[in-house]
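Visitor: For reference, the structure I am asking about is given below.
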Amino acid sequence: MSIRTILVDDEPLATQGLMLRLEAHDDVEIVATAANGREAIRAIKTNKPDLVFLDIQMPGFDGFSVIQGMMEVEPPLFVFVTAYGDHALRAFEAQAVDYLMKPVDEDRLAATMDRVRQRLNEKRGAEEVGRLKEALAEHAPEAAGELVDGGGEAHAANRFEKMINIKDQGQIFRVDVDTIERIDAAGDYMCIQTGDNTLILRETMKDLEKRLDPRRFQRVHRSTIVNLDLVKQVKPHTNGECFLVLDSGAQVKVSRSYRDVVARFVH
């Protein structure tokens with residue numbers, strides 16, 4: 001399936017250069033170009049692309065204004081392309097797939113396109129399951145129930161984050177969720193522990209839980225989430241409590257309210 005793409009840049013040479021580099025990617029179909037933010041918004045609403053390569057500094061509407069203009073429609077994936085490196089933080093906060101510097105490096109572009117394909121596959125998979133559920137609910141309600149209970153698990157897992165962008169001390173860290181060992185809450189801040197590193201994320205535990213696969217990440221205490229795949233030992237404690245020993249050697253207390261989490265380790 002082709003990736004319907006729009007290129008937005010006020011510099012014609014920059015647009016031509018990106019076109020040439022994208023020729024190496026057979027699944028990319030360039031459906032339109034735009035030279036400023038207003039043209040970009042019209043082109044996106046008209047063509048409904050999968051992907052937009054978006055310059056940041058343009059006359060009139062800049063790249064961030066274009067994204068804000070997408071609030072009332074289903075937005076495509078965005079990749080920022082710019083000559084200035086000081087917008088990276090805002091780009092990731094705007095949920096851009098990636099941030100490329102001009103002139104665009106071919107290897108860097110290839111890595112970005114791999115990330116785009118992964119995101120599109122996840123999105124299309126979720127949409128397929130949604131359409132199937134609607135059809136089954138209308139014509140075969142019992143089968144729809146079975147899909148919810150089991151058959152859709154693989155697709156449902158795709159909606160959870162695989163990478164998390166964390167702004168810490170003026171930098172952006174892209175953290176693979178597989179490496180997250182545990183998460184400790186401190187008010188509206190989350191301490192993300194990866195075994196050998198600790199990063200601070202400004203987000204509530206409730207919101208963060210929605211982004212993580214509950215089959216792997218479970219709350220074991222009012223203020224602690226653990227990656228169950230990285231638990232190597234369960235140590236019983238008094239009063240129905242216990243400790244989980246993680247791969248790093250860290251021990252996490254499981255309160256009585258969350259004893260059912262431990263049950264999966266005990267046969």
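In the structure tokens, each chain is lettered A, B, ... as it comes, each chain's residues begin at 1, and ligands are numbered from 1 in order of appearance.
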Which residues, written as JSON, numbers by chain, have at least one atom at most 9 Å from Glu241 (chain A), with only C-alpha atoms counted and residues fewer than 6 positions away on the same chain left out?

Guide: {"A": [253, 254, 255, 256, 257, 258, 259]}

Visitor: Could you please determine the separation between CA of Val234 (chain A) and CA of Asn197 (chain A) in Å, to one decimal place?

Guide: 23.2 Å

Visitor: For Leu7 (chain A), please output as a ChimeraX atom specification all residues within 12 Å (counting only C-alpha atoms; exclusion window: fewer than 2 positions along the same chain).

Guide: /A:4-5,9-20,22,28-37,39-41,43-44,49-56,63,78-81

Visitor: Grab the residues selected above and save them as a short mmCIF file (atom, residue, chain, number, x, y, z; two decimals), in the first residue's frame with N, CA and C atoms.

Guide:
data_model
loop_
_atom_site.label_atom_id
_atom_site.label_comp_id
_atom_site.auth_asym_id
_atom_site.auth_seq_id
_atom_site.Cartn_x
_atom_site.Cartn_y
_atom_site.Cartn_z
N ARG A 4 0.66 7.96 0.87
CA ARG A 4 0.30 9.23 0.22
C ARG A 4 0.93 10.38 1.00
N THR A 5 1.76 11.16 0.28
CA THR A 5 2.64 12.12 0.94
C THR A 5 2.51 13.51 0.35
N ASP A 9 7.22 23.22 1.83
CA ASP A 9 8.44 24.01 2.03
C ASP A 9 8.36 25.25 1.15
N ASP A 10 8.78 26.40 1.66
CA ASP A 10 8.74 27.63 0.86
C ASP A 10 9.96 27.76 -0.04
N GLU A 11 10.90 26.81 0.03
CA GLU A 11 12.08 26.81 -0.83
C GLU A 11 11.93 25.72 -1.88
N PRO A 12 11.72 26.07 -3.15
CA PRO A 12 11.53 25.07 -4.21
C PRO A 12 12.69 24.07 -4.31
N LEU A 13 13.92 24.53 -4.11
CA LEU A 13 15.06 23.63 -4.20
C LEU A 13 15.02 22.56 -3.10
N ALA A 14 14.55 22.97 -1.90
CA ALA A 14 14.44 22.01 -0.80
C ALA A 14 13.39 20.96 -1.12
N THR A 15 12.28 21.38 -1.71
CA THR A 15 11.22 20.43 -2.10
C THR A 15 11.73 19.47 -3.16
N GLN A 16 12.45 20.00 -4.17
CA GLN A 16 12.99 19.14 -5.22
C GLN A 16 14.00 18.14 -4.68
N GLY A 17 14.84 18.61 -3.75
CA GLY A 17 15.84 17.72 -3.17
C GLY A 17 15.21 16.58 -2.40
N LEU A 18 14.15 16.89 -1.63
CA LEU A 18 13.47 15.84 -0.87
C LEU A 18 12.76 14.88 -1.81
N MET A 19 12.19 15.40 -2.90
CA MET A 19 11.54 14.54 -3.90
C MET A 19 12.53 13.51 -4.44
N LEU A 20 13.73 13.98 -4.77
CA LEU A 20 14.75 13.09 -5.32
C LEU A 20 15.13 11.99 -4.32
N LEU A 22 13.29 10.83 -1.94
CA LEU A 22 12.15 9.93 -1.71
C LEU A 22 11.91 8.97 -2.86
N VAL A 28 6.32 5.42 -1.55
CA VAL A 28 5.96 6.81 -1.32
C VAL A 28 5.33 7.40 -2.59
N GLU A 29 4.13 7.92 -2.46
CA GLU A 29 3.43 8.58 -3.56
C GLU A 29 3.21 10.04 -3.18
N ILE A 30 3.88 10.95 -3.87
CA ILE A 30 3.74 12.37 -3.58
C ILE A 30 2.49 12.88 -4.28
N VAL A 31 1.49 13.24 -3.51
CA VAL A 31 0.19 13.64 -4.08
C VAL A 31 0.04 15.15 -4.20
N ALA A 32 0.91 15.92 -3.52
CA ALA A 32 0.81 17.38 -3.60
C ALA A 32 2.04 18.00 -2.95
N THR A 33 2.28 19.26 -3.31
CA THR A 33 3.30 20.07 -2.62
C THR A 33 2.65 21.39 -2.24
N ALA A 34 3.25 22.07 -1.28
CA ALA A 34 2.74 23.37 -0.85
C ALA A 34 3.92 24.25 -0.48
N ALA A 35 3.77 25.57 -0.70
CA ALA A 35 4.87 26.50 -0.47
C ALA A 35 4.70 27.32 0.80
N ASN A 36 3.56 27.16 1.49
CA ASN A 36 3.36 27.89 2.74
C ASN A 36 2.31 27.16 3.57
N GLY A 37 2.10 27.67 4.79
CA GLY A 37 1.21 27.00 5.72
C GLY A 37 -0.23 26.94 5.27
N GLU A 39 -1.44 27.00 2.17
CA GLU A 39 -1.54 26.02 1.09
C GLU A 39 -1.49 24.61 1.67
N ALA A 40 -0.64 24.42 2.67
CA ALA A 40 -0.49 23.10 3.27
C ALA A 40 -1.80 22.62 3.89
N ILE A 41 -2.46 23.49 4.64
CA ILE A 41 -3.72 23.10 5.28
C ILE A 41 -4.76 22.73 4.24
N ALA A 43 -4.19 21.67 1.16
CA ALA A 43 -3.77 20.44 0.48
C ALA A 43 -4.04 19.21 1.35
N ILE A 44 -3.80 19.34 2.64
CA ILE A 44 -4.02 18.20 3.55
C ILE A 44 -5.50 17.87 3.64
N PRO A 49 -3.67 13.00 3.07
CA PRO A 49 -2.47 12.16 2.95
C PRO A 49 -2.22 11.33 4.20
N ASP A 50 -1.33 10.36 4.05
CA ASP A 50 -0.87 9.58 5.20
C ASP A 50 0.26 10.29 5.93
N LEU A 51 1.05 11.05 5.17
CA LEU A 51 2.29 11.62 5.70
C LEU A 51 2.52 13.01 5.12
N VAL A 52 3.05 13.91 5.95
CA VAL A 52 3.41 15.26 5.50
C VAL A 52 4.83 15.59 5.99
N PHE A 53 5.71 15.93 5.04
CA PHE A 53 7.02 16.47 5.38
C PHE A 53 6.84 17.98 5.46
N LEU A 54 7.12 18.56 6.61
CA LEU A 54 6.69 19.93 6.90
C LEU A 54 7.87 20.81 7.35
N ASP A 55 8.12 21.85 6.58
CA ASP A 55 9.09 22.85 6.99
C ASP A 55 8.52 23.64 8.17
N ILE A 56 9.38 24.16 9.02
CA ILE A 56 8.89 24.89 10.19
C ILE A 56 8.78 26.38 9.92
N GLY A 63 5.13 25.83 10.52
CA GLY A 63 4.79 24.42 10.59
C GLY A 63 3.91 24.05 11.77
N PHE A 78 3.27 13.57 10.73
CA PHE A 78 4.10 14.70 10.35
C PHE A 78 5.57 14.41 10.62
N VAL A 79 6.42 14.80 9.66
CA VAL A 79 7.86 14.79 9.85
C VAL A 79 8.34 16.22 9.59
N PHE A 80 8.98 16.84 10.57
CA PHE A 80 9.49 18.19 10.39
C PHE A 80 10.83 18.15 9.66
N VAL A 81 11.00 19.05 8.70
CA VAL A 81 12.26 19.18 7.97
C VAL A 81 12.67 20.65 8.05
#

Visitor: Restricting the calculation to only C-alpha atoms, which member of A:Ile172, A:Val252, A:Leu100, A:Met1 is positioned closest to Leu120 (chain A)?

Guide: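 Closest to Leu120 (chain A) of all the choices is A:Met1.
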
Visitor: Enter the distance from CA of Asn165 (chain A) to CA of Thr112 (chain A), in Å, rounded to one decimal.

Guide: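 A separation of 15.5 Å between them.
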
Visitor: Write out as a PyMOL selection string which residues come within 7 Å of Ala185 (chain A) when counting only C-alpha atoms, dropping same-chain ones fewer than 6 positions away.

Guide: chain A and resi 191+205+223-224
